[in-house]
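J.: Here you go, this is target16.cif (mmCIF, C-alpha atoms).
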data_start
#
loop_
_atom_site.group_PDB
_atom_site.id
_atom_site.type_symbol
_atom_site.label_atom_id
_atom_site.label_comp_id
_atom_site.auth_asym_id
_atom_site.auth_seq_id
_atom_site.Cartn_x
_atom_site.Cartn_y
_atom_site.Cartn_z
ATOM 1 C CA MET A 15 42.274 -39.136 14.295
ATOM 2 C CA SER A 16 45.910 -38.080 14.069
ATOM 3 C CA GLU A 17 47.377 -37.030 10.749
ATOM 4 C CA PRO A 18 49.470 -39.554 8.826
ATOM 5 C CA LEU A 19 53.163 -39.460 9.625
ATOM 6 C CA PRO A 20 55.131 -40.447 6.520
ATOM 7 C CA LEU A 21 58.715 -41.439 7.174
ATOM 8 C CA PRO A 22 61.778 -41.177 4.954
ATOM 9 C CA VAL A 23 64.497 -43.776 5.473
ATOM 10 C CA ALA A 24 66.259 -41.531 8.017
ATOM 11 C CA VAL A 25 65.161 -38.771 10.408
ATOM 12 C CA SER A 26 67.139 -36.243 12.435
ATOM 13 C CA ALA A 27 67.379 -36.027 16.211
ATOM 14 C CA ASP A 28 65.438 -32.747 16.092
ATOM 15 C CA TRP A 29 62.642 -34.440 14.148
ATOM 16 C CA LEU A 30 62.554 -37.340 16.583
ATOM 17 C CA ARG A 31 62.473 -35.052 19.612
ATOM 18 C CA ALA A 32 59.437 -33.291 18.141
ATOM 19 C CA ASN A 33 57.654 -36.570 17.368
ATOM 20 C CA LEU A 34 58.581 -38.851 20.281
ATOM 21 C CA ASP A 35 54.950 -39.343 21.222
ATOM 22 C CA ARG A 36 53.992 -40.398 17.673
ATOM 23 C CA VAL A 37 56.484 -43.199 17.060
ATOM 24 C CA VAL A 38 57.835 -46.334 18.693
ATOM 25 C CA VAL A 39 61.533 -45.784 19.363
ATOM 26 C CA VAL A 40 63.742 -48.886 19.172
ATOM 27 C CA ASP A 41 67.326 -49.311 20.328
ATOM 28 C CA SER A 42 68.973 -51.988 18.176
ATOM 29 C CA ARG A 43 72.595 -51.746 19.260
ATOM 30 C CA TRP A 44 74.600 -54.859 18.424
ATOM 31 C CA TYR A 45 78.327 -55.510 18.203
ATOM 32 C CA LEU A 46 80.247 -57.926 16.018
ATOM 33 C CA ASP A 47 82.952 -58.182 18.686
ATOM 34 C CA GLY A 48 80.544 -59.813 21.137
ATOM 35 C CA ARG A 49 79.778 -56.850 23.405
ATOM 36 C CA SER A 50 76.224 -56.818 24.717
ATOM 37 C CA GLY A 51 73.848 -54.413 23.000
ATOM 38 C CA ARG A 52 71.321 -55.006 25.765
ATOM 39 C CA ASP A 53 73.828 -53.943 28.411
ATOM 40 C CA ALA A 54 74.522 -50.767 26.442
ATOM 41 C CA TYR A 55 70.767 -50.130 26.277
ATOM 42 C CA LEU A 56 70.322 -50.636 30.022
ATOM 43 C CA ALA A 57 73.157 -48.214 30.755
ATOM 44 C CA GLY A 58 71.448 -45.418 28.842
ATOM 45 C CA HIS A 59 68.895 -45.192 26.030
ATOM 46 C CA LEU A 60 66.624 -42.653 24.376
ATOM 47 C CA PRO A 61 63.516 -41.755 26.371
ATOM 48 C CA GLY A 62 60.854 -44.428 25.973
ATOM 49 C CA ALA A 63 62.976 -46.638 23.739
ATOM 50 C CA VAL A 64 62.553 -50.396 23.758
ATOM 51 C CA PHE A 65 65.354 -52.825 22.949
ATOM 52 C CA ALA A 66 65.333 -55.135 19.923
ATOM 53 C CA ASP A 67 67.858 -57.960 19.971
ATOM 54 C CA VAL A 68 69.311 -58.525 16.490
ATOM 55 C CA ASP A 69 69.963 -62.200 17.233
ATOM 56 C CA ALA A 70 66.724 -63.060 19.043
ATOM 57 C CA ASP A 71 64.122 -60.636 17.669
ATOM 58 C CA LEU A 72 65.309 -59.813 14.142
ATOM 59 C CA ALA A 73 66.657 -63.181 13.035
ATOM 60 C CA ALA A 74 65.914 -66.870 13.121
ATOM 61 C CA PRO A 75 68.518 -69.092 14.796
ATOM 62 C CA ALA A 76 71.777 -69.372 12.912
ATOM 63 C CA SER A 77 72.131 -72.496 10.789
ATOM 64 C CA PRO A 78 74.236 -73.940 7.969
ATOM 65 C CA GLU A 79 71.207 -73.544 5.697
ATOM 66 C CA GLY A 80 70.437 -69.939 6.606
ATOM 67 C CA GLY A 81 73.666 -68.310 7.764
ATOM 68 C CA ARG A 82 74.212 -66.267 10.917
ATOM 69 C CA HIS A 83 71.109 -64.066 10.719
ATOM 70 C CA PRO A 84 68.338 -65.651 8.633
ATOM 71 C CA LEU A 85 65.136 -63.654 8.379
ATOM 72 C CA PRO A 86 62.670 -64.860 11.019
ATOM 73 C CA ALA A 87 59.482 -66.651 10.084
ATOM 74 C CA ALA A 88 56.466 -64.378 9.674
ATOM 75 C CA ALA A 89 54.754 -65.542 12.863
ATOM 76 C CA ASP A 90 57.938 -65.270 14.932
ATOM 77 C CA PHE A 91 58.656 -61.746 13.710
ATOM 78 C CA ALA A 92 55.078 -60.670 14.375
ATOM 79 C CA ARG A 93 55.310 -61.970 17.946
ATOM 80 C CA ALA A 94 58.599 -60.151 18.501
ATOM 81 C CA LEU A 95 57.162 -56.905 17.169
ATOM 82 C CA GLY A 96 54.057 -57.265 19.301
ATOM 83 C CA ARG A 97 56.210 -57.681 22.433
ATOM 84 C CA LEU A 98 58.059 -54.510 21.470
ATOM 85 C CA GLY A 99 54.800 -52.582 21.166
ATOM 86 C CA ILE A 100 54.970 -52.374 17.371
ATOM 87 C CA GLY A 101 51.481 -53.017 16.007
ATOM 88 C CA ASP A 102 49.907 -53.051 12.580
ATOM 89 C CA HIS A 103 49.594 -49.259 12.506
ATOM 90 C CA SER A 104 52.761 -48.241 14.331
ATOM 91 C CA ARG A 105 55.418 -45.897 13.032
ATOM 92 C CA VAL A 106 58.922 -46.728 14.122
ATOM 93 C CA VAL A 107 62.302 -45.015 14.516
ATOM 94 C CA VAL A 108 65.317 -47.229 15.153
ATOM 95 C CA TYR A 109 68.767 -46.163 16.310
ATOM 96 C CA ASP A 110 72.201 -47.596 17.016
ATOM 97 C CA ASP A 111 75.664 -46.185 17.641
ATOM 98 C CA ALA A 112 77.128 -47.442 14.364
ATOM 99 C CA GLY A 113 76.038 -44.975 11.698
ATOM 100 C CA GLY A 114 72.729 -46.739 11.152
ATOM 101 C CA SER A 115 74.413 -49.929 9.936
ATOM 102 C CA VAL A 116 72.643 -52.070 12.547
ATOM 103 C CA ALA A 117 69.422 -50.068 12.839
ATOM 104 C CA ALA A 118 68.994 -50.475 9.079
ATOM 105 C CA ARG A 119 68.133 -54.158 9.557
ATOM 106 C CA LEU A 120 64.867 -53.534 11.424
ATOM 107 C CA VAL A 121 64.067 -50.440 9.357
ATOM 108 C CA TRP A 122 64.347 -52.410 6.113
ATOM 109 C CA MET A 123 62.382 -55.346 7.546
ATOM 110 C CA LEU A 124 59.528 -53.029 8.502
ATOM 111 C CA ARG A 125 59.543 -50.926 5.342
ATOM 112 C CA VAL A 126 59.545 -53.974 3.071
ATOM 113 C CA LEU A 127 56.375 -55.080 4.884
ATOM 114 C CA GLY A 128 54.740 -51.673 4.457
ATOM 115 C CA THR A 129 55.300 -50.284 7.970
ATOM 116 C CA PRO A 130 56.604 -46.678 8.131
ATOM 117 C CA ALA A 131 60.074 -46.864 9.666
ATOM 118 C CA ALA A 132 63.282 -44.805 9.699
ATOM 119 C CA PHE A 133 66.647 -44.854 11.393
ATOM 120 C CA LEU A 134 67.987 -41.997 13.486
ATOM 121 C CA ASP A 135 70.453 -40.262 11.184
ATOM 122 C CA GLY A 136 73.852 -40.192 12.874
ATOM 123 C CA GLY A 137 72.686 -42.522 15.622
ATOM 124 C CA LEU A 138 72.749 -42.121 19.372
ATOM 125 C CA GLY A 139 75.593 -39.599 19.245
ATOM 126 C CA THR A 140 73.313 -36.970 17.698
ATOM 127 C CA TRP A 141 70.917 -37.038 20.662
ATOM 128 C CA THR A 142 71.579 -34.130 23.030
ATOM 129 C CA GLY A 143 68.800 -34.717 25.532
ATOM 130 C CA PRO A 144 68.847 -36.868 28.680
ATOM 131 C CA LEU A 145 68.988 -40.662 28.479
ATOM 132 C CA GLU A 146 66.991 -43.184 30.473
ATOM 133 C CA GLU A 147 68.531 -46.131 32.301
ATOM 134 C CA GLY A 148 67.102 -49.591 32.790
ATOM 135 C CA ALA A 149 64.589 -51.555 30.768
ATOM 136 C CA ARG A 150 61.359 -50.233 29.339
ATOM 137 C CA THR A 151 58.439 -52.706 29.186
ATOM 138 C CA PRO A 152 56.119 -51.652 26.361
ATOM 139 C CA GLU A 153 52.411 -52.199 26.130
ATOM 140 C CA PRO A 154 51.982 -55.284 23.894
ATOM 141 C CA ALA A 155 50.484 -54.576 20.477
ATOM 142 C CA HIS A 156 48.692 -56.677 17.895
ATOM 143 C CA ARG A 157 50.846 -57.446 14.887
ATOM 144 C CA THR A 158 49.514 -59.486 11.983
ATOM 145 C CA PRO A 159 52.075 -61.923 10.519
ATOM 146 C CA GLN A 160 53.233 -61.007 7.021
ATOM 147 C CA HIS A 161 55.369 -63.117 4.733
ATOM 148 C CA TRP A 162 58.539 -61.655 3.255
ATOM 149 C CA PRO A 163 57.873 -60.432 -0.307
ATOM 150 C CA ALA A 164 59.280 -63.005 -2.719
ATOM 151 C CA ASP A 165 60.591 -60.299 -5.050
ATOM 152 C CA ARG A 166 62.619 -58.604 -2.297
ATOM 153 C CA VAL A 167 64.337 -61.594 -0.691
ATOM 154 C CA VAL A 168 66.561 -63.910 -2.715
ATOM 155 C CA HIS A 169 68.452 -67.111 -2.042
ATOM 156 C CA THR A 170 71.792 -68.579 -3.042
ATOM 157 C CA ASP A 171 70.765 -70.054 -6.394
ATOM 158 C CA THR A 172 69.278 -66.746 -7.511
ATOM 159 C CA VAL A 173 72.349 -64.790 -6.428
ATOM 160 C CA ARG A 174 74.701 -67.228 -8.129
ATOM 161 C CA ALA A 175 72.894 -66.705 -11.418
ATOM 162 C CA ALA A 176 72.450 -62.949 -10.983
ATOM 163 C CA ALA A 177 76.135 -62.278 -10.329
ATOM 164 C CA ARG A 178 76.996 -63.509 -13.833
ATOM 165 C CA GLU A 179 74.026 -62.317 -15.883
ATOM 166 C CA PRO A 180 73.954 -58.988 -17.727
ATOM 167 C CA GLY A 181 71.612 -56.520 -16.065
ATOM 168 C CA GLN A 182 71.854 -58.187 -12.653
ATOM 169 C CA LEU A 183 73.852 -56.132 -10.133
ATOM 170 C CA VAL A 184 75.076 -57.671 -6.868
ATOM 171 C CA LEU A 185 76.500 -55.326 -4.215
ATOM 172 C CA ASP A 186 78.724 -56.284 -1.272
ATOM 173 C CA ALA A 187 78.171 -53.922 1.690
ATOM 174 C CA ARG A 188 81.084 -55.202 3.807
ATOM 175 C CA ALA A 189 84.302 -53.308 4.415
ATOM 176 C CA HIS A 190 86.361 -53.226 1.231
ATOM 177 C CA GLY A 191 89.139 -55.305 2.793
ATOM 178 C CA ARG A 192 86.704 -58.112 3.549
ATOM 179 C CA TYR A 193 85.412 -57.904 -0.028
ATOM 180 C CA THR A 194 88.900 -58.233 -1.519
ATOM 181 C CA GLY A 195 89.964 -60.848 1.009
ATOM 182 C CA GLU A 196 92.847 -58.736 2.264
ATOM 183 C CA ALA A 197 91.273 -58.245 5.709
ATOM 184 C CA PRO A 198 89.054 -61.263 6.412
ATOM 185 C CA ALA A 199 87.033 -61.093 9.612
ATOM 186 C CA PRO A 200 87.356 -63.891 12.170
ATOM 187 C CA VAL A 201 83.706 -64.781 11.550
ATOM 188 C CA ASP A 202 84.257 -65.451 7.833
ATOM 189 C CA ALA A 203 84.849 -69.044 6.730
ATOM 190 C CA ARG A 204 86.733 -67.925 3.605
ATOM 191 C CA PRO A 205 88.120 -64.586 2.392
ATOM 192 C CA GLY A 206 86.781 -62.845 -0.692
ATOM 193 C CA HIS A 207 83.408 -62.182 -2.261
ATOM 194 C CA ILE A 208 80.725 -63.591 -4.531
ATOM 195 C CA PRO A 209 82.123 -63.691 -8.083
ATOM 196 C CA GLY A 210 80.781 -60.756 -10.100
ATOM 197 C CA ALA A 211 79.699 -58.720 -7.074
ATOM 198 C CA ARG A 212 80.711 -55.075 -6.806
ATOM 199 C CA SER A 213 82.104 -53.526 -3.638
ATOM 200 C CA ALA A 214 79.626 -51.063 -2.095
ATOM 201 C CA GLU A 215 80.846 -50.652 1.480
ATOM 202 C CA TRP A 216 77.962 -49.315 3.568
ATOM 203 C CA THR A 217 80.089 -46.489 4.975
ATOM 204 C CA GLY A 218 80.133 -45.006 1.478
ATOM 205 C CA ASN A 219 76.481 -44.094 2.010
ATOM 206 C CA LEU A 220 77.493 -41.505 4.613
ATOM 207 C CA GLY A 221 78.755 -37.986 4.082
ATOM 208 C CA PRO A 222 81.771 -36.458 5.837
ATOM 209 C CA ASP A 223 79.478 -35.479 8.716
ATOM 210 C CA GLY A 224 78.525 -39.103 9.360
ATOM 211 C CA LEU A 225 74.963 -38.537 8.192
ATOM 212 C CA LEU A 226 73.218 -40.240 5.281
ATOM 213 C CA ALA A 227 74.405 -38.618 2.053
ATOM 214 C CA PRO A 228 71.892 -36.639 -0.043
ATOM 215 C CA PRO A 229 69.896 -38.552 -2.672
ATOM 216 C CA ALA A 230 71.827 -37.027 -5.575
ATOM 217 C CA ALA A 231 75.167 -38.124 -4.128
ATOM 218 C CA LEU A 232 73.881 -41.630 -3.495
ATOM 219 C CA ARG A 233 72.393 -41.763 -6.977
ATOM 220 C CA ALA A 234 75.796 -40.936 -8.440
ATOM 221 C CA ARG A 235 77.466 -43.547 -6.249
ATOM 222 C CA PHE A 236 75.185 -46.379 -7.245
ATOM 223 C CA ALA A 237 75.016 -45.304 -10.870
ATOM 224 C CA ALA A 238 78.802 -45.617 -11.029
ATOM 225 C CA LEU A 239 78.413 -49.190 -9.802
ATOM 226 C CA GLY A 240 75.929 -49.965 -12.569
ATOM 227 C CA ALA A 241 72.587 -49.555 -10.823
ATOM 228 C CA ASP A 242 71.045 -47.339 -13.519
ATOM 229 C CA ASP A 243 71.418 -50.075 -16.117
ATOM 230 C CA ALA A 244 70.534 -52.987 -13.836
ATOM 231 C CA VAL A 245 67.308 -54.942 -14.080
ATOM 232 C CA THR A 246 67.719 -56.062 -10.475
ATOM 233 C CA VAL A 247 69.968 -54.901 -7.641
ATOM 234 C CA THR A 248 70.781 -57.329 -4.826
ATOM 235 C CA ALA A 249 72.756 -56.491 -1.688
ATOM 236 C CA TYR A 250 74.561 -58.755 0.746
ATOM 237 C CA CYS A 251 77.083 -58.359 3.567
ATOM 238 C CA GLY A 252 78.408 -60.637 6.292
ATOM 239 C CA SER A 253 75.055 -61.914 7.537
ATOM 240 C CA GLY A 254 72.297 -59.723 6.093
ATOM 241 C CA VAL A 255 72.498 -56.811 8.545
ATOM 242 C CA THR A 256 74.610 -53.988 7.080
ATOM 243 C CA ALA A 257 73.423 -54.899 3.574
ATOM 244 C CA CYS A 258 70.145 -53.291 4.656
ATOM 245 C CA HIS A 259 71.978 -49.956 4.884
ATOM 246 C CA ASP A 260 72.769 -50.253 1.165
ATOM 247 C CA LEU A 261 69.144 -51.155 0.478
ATOM 248 C CA LEU A 262 67.868 -48.089 2.334
ATOM 249 C CA ALA A 263 70.453 -45.877 0.631
ATOM 250 C CA LEU A 264 69.307 -47.217 -2.738
ATOM 251 C CA GLU A 265 65.715 -46.346 -1.815
ATOM 252 C CA HIS A 266 66.823 -42.891 -0.655
ATOM 253 C CA ALA A 267 68.499 -42.424 -4.049
ATOM 254 C CA GLY A 268 65.309 -43.293 -5.900
ATOM 255 C CA TYR A 269 65.908 -46.915 -6.865
ATOM 256 C CA THR A 270 62.946 -49.227 -6.487
ATOM 257 C CA ALA A 271 62.693 -52.761 -5.089
ATOM 258 C CA PRO A 272 66.339 -53.644 -4.379
ATOM 259 C CA ARG A 273 66.698 -57.161 -2.994
ATOM 260 C CA LEU A 274 68.352 -58.676 0.089
ATOM 261 C CA TYR A 275 70.367 -61.888 0.146
ATOM 262 C CA PRO A 276 69.853 -62.701 3.843
ATOM 263 C CA GLY A 277 72.346 -65.549 4.076
ATOM 264 C CA SER A 278 75.038 -63.262 2.692
ATOM 265 C CA TRP A 279 78.694 -64.220 3.094
ATOM 266 C CA SER A 280 78.001 -66.246 6.247
ATOM 267 C CA LEU A 281 76.115 -68.695 4.017
ATOM 268 C CA TRP A 282 77.990 -68.380 0.723
ATOM 269 C CA GLY A 283 81.490 -68.380 2.183
ATOM 270 C CA ALA A 284 80.793 -71.415 4.352
ATOM 271 C CA ASP A 285 79.777 -73.546 1.357
ATOM 272 C CA ASP A 286 82.936 -74.922 -0.247
ATOM 273 C CA SER A 287 80.977 -75.883 -3.356
ATOM 274 C CA LEU A 288 80.396 -72.212 -4.195
ATOM 275 C CA PRO A 289 83.054 -70.181 -6.033
ATOM 276 C CA VAL A 290 84.913 -67.305 -4.394
ATOM 277 C CA GLU A 291 86.663 -64.310 -5.930
ATOM 278 C CA THR A 292 89.353 -62.192 -4.280
ATOM 279 C CA GLY A 293 90.791 -58.791 -5.113
ATOM 280 C CA ASP A 294 88.798 -56.023 -6.778
ATOM 281 C CA PRO A 295 88.191 -56.673 -10.481
ATOM 282 C CA ALA A 296 86.789 -53.165 -10.898
ATOM 283 C CA ALA A 297 90.170 -51.692 -9.930
ATOM 284 C CA GLU A 298 92.120 -53.760 -12.449
#
The structure in this file should be written as structure tokens.

T.:
Amino acid sequence: MSEPLPLPVAVSADWLRANLDRVVVVDSRWYLDGRSGRDAYLAGHLPGAVFADVDADLAAPASPEGGRHPLPAAADFARALGRLGIGDHSRVVVYDDAGGSVAARLVWMLRVLGTPAAFLDGGLGTWTGPLEEGARTPEPAHRTPQHWPADRVVHTDTVRAAAREPGQLVLDARAHGRYTGEAPAPVDARPGHIPGARSAEWTGNLGPDGLLAPPAALRARFAALGADDAVTVTAYCGSGVTACHDLLALEHAGYTAPRLYPGSWSLWGADDSLPVETGDPAAE
């Protein structure tokens, strides 16, 4: 029997090279501008890597009730993982070419279900070895369906209450300009953010070298936003993808059980009955 292989939230390219035969490697490249992540994968990917489609494998279909990337149902996610060769006892490393902001989605989904998973720190650009072209068809694996933990996934009513209650911290992982409303993205129905939320752009989790910042630095960052005094910490973004980078950074910093609002701004901003705030109250 092989020795256990514990995984932090992020691993280096050197670590991955030394452990390629002990993990399932997943390419999760995805682009907000509509470019094809699958095409990028086919053109060149890490040796043995399989491709996970953010839209098809890591989310349920978009809907007015769930936003652009709702979490998939337990059975659907289990089937997708099984097709990717990720079984009940697999250990997984996920990469992208966007600082881990996309890979974080699958990593968080797996970790919250108890599966050891990490993203490649620095992404594809840190890999110095040869790349493979074309698709890789993995050996199917058995994956038991697991429901999303109720204490780690929250919905609109909970977020609406939390954003105004003392001790409830809500973090917005989008670019600061999208948070303030000064630089709304074409995919956003309305500019601004959830009233009471604090801006915690996911890029702030990275150091100057583009790698995940050390735990102490991340602890200081989130403490300044109020995490040390918070009873709960909830993260959201545009559609529940890059928010997972904040969630993993919070875990890396030592915070326990931060929560995801999967619908994120794609759900909140599209509902005209919900209030919106613009600007940055923390800077006033």

J.: Between A:Pro205, A:Ala199, A:Ser278, A:Thr151, which is the closest to Asp47 (chain A) once you count only C-alpha atoms?

T.: A:Ala199

J.: A:Gly148, A:His169, A:Glu291, A:Trp216: which is nearest Glu79 (chain A), counting only C-alpha atoms?

T.: A:His169

J.: Could you work out how far CA of Ala257 (chain A) lies from CA of Arg125 (chain A), giving the answer in Å with one decimal?

T.: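 Taking CA of Arg125 (chain A) and CA of Ala257 (chain A), their separation equals 14.5 Å.
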
J.: (69.1, -37.6, -9.8) in this file's frame - what residues fall within 8 Å of it? Use only C-alpha atoms and give the answer as an MDAnalysis selection string.

T.: chainID A and resid 229:230 233:234 267:268

J.: Dump C-alpha atoms for the selected residues as a PDB file, in the frame of the given file?

T.:
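The resulting file, result-v4.pdb, is reproduced below:
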ATOM      1  CA  PRO A 229      69.896 -38.552  -2.672  1.00  0.00           C
ATOM      2  CA  ALA A 230      71.827 -37.027  -5.575  1.00  0.00           C
ATOM      3  CA  ARG A 233      72.393 -41.763  -6.977  1.00  0.00           C
ATOM      4  CA  ALA A 234      75.796 -40.936  -8.440  1.00  0.00           C
ATOM      5  CA  ALA A 267      68.499 -42.424  -4.049  1.00  0.00           C
ATOM      6  CA  GLY A 268      65.309 -43.293  -5.900  1.00  0.00           C
TER       7      GLY A 268
END

J.: Output the residue selection produced by the PyMOL selection byres ((chain A and resi 282) around 12) on the file above, formatted as an MDAnalysis selection string.

T.: chainID A and resid 78:82 169:171 173:174 202:209 250:254 275:281 283:291

J.: Decode the PyMOL selection byres ((chain A and resi 96) around 9) for the given file into explicit residues and return them as a PDB file with C-alpha atoms, in the frame of the given file.

T.:
ATOM      1  CA  PHE A  91      58.656 -61.746  13.710  1.00  0.00           C
ATOM      2  CA  ALA A  92      55.078 -60.670  14.375  1.00  0.00           C
ATOM      3  CA  ARG A  93      55.310 -61.970  17.946  1.00  0.00           C
ATOM      4  CA  ALA A  94      58.599 -60.151  18.501  1.00  0.00           C
ATOM      5  CA  LEU A  95      57.162 -56.905  17.169  1.00  0.00           C
ATOM      6  CA  ARG A  97      56.210 -57.681  22.433  1.00  0.00           C
ATOM      7  CA  LEU A  98      58.059 -54.510  21.470  1.00  0.00           C
ATOM      8  CA  GLY A  99      54.800 -52.582  21.166  1.00  0.00           C
ATOM      9  CA  ILE A 100      54.970 -52.374  17.371  1.00  0.00           C
ATOM     10  CA  GLY A 101      51.481 -53.017  16.007  1.00  0.00           C
ATOM     11  CA  ASP A 102      49.907 -53.051  12.580  1.00  0.00           C
ATOM     12  CA  GLU A 153      52.411 -52.199  26.130  1.00  0.00           C
ATOM     13  CA  PRO A 154      51.982 -55.284  23.894  1.00  0.00           C
ATOM     14  CA  ALA A 155      50.484 -54.576  20.477  1.00  0.00           C
ATOM     15  CA  HIS A 156      48.692 -56.677  17.895  1.00  0.00           C
ATOM     16  CA  ARG A 157      50.846 -57.446  14.887  1.00  0.00           C
ATOM     17  CA  THR A 158      49.514 -59.486  11.983  1.00  0.00           C
TER      18      THR A 158
END

J.: Expressed in Å to a single decimal, how great is the separation between CA of Thr194 (chain A) and CA of Arg212 (chain A)?

T.: 10.2 Å

J.: Applying 10 Å and only C-alpha atoms, which residues near Gly139 (chain A) remain after dropping the ones on its own chain fewer than 5 positions away? List them as a list in words.

T.: Ala27, Tyr109, Asp110, Asp111, Ala112, Gly113 and Leu134 of chain A

J.: Hey, which of A:Phe65, A:Phe133, A:Tyr55, A:Tyr45 ends up closest to Leu21 (chain A)? Count all atoms listed in the file.

T.: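 Nearest to Leu21 (chain A): A:Phe133.
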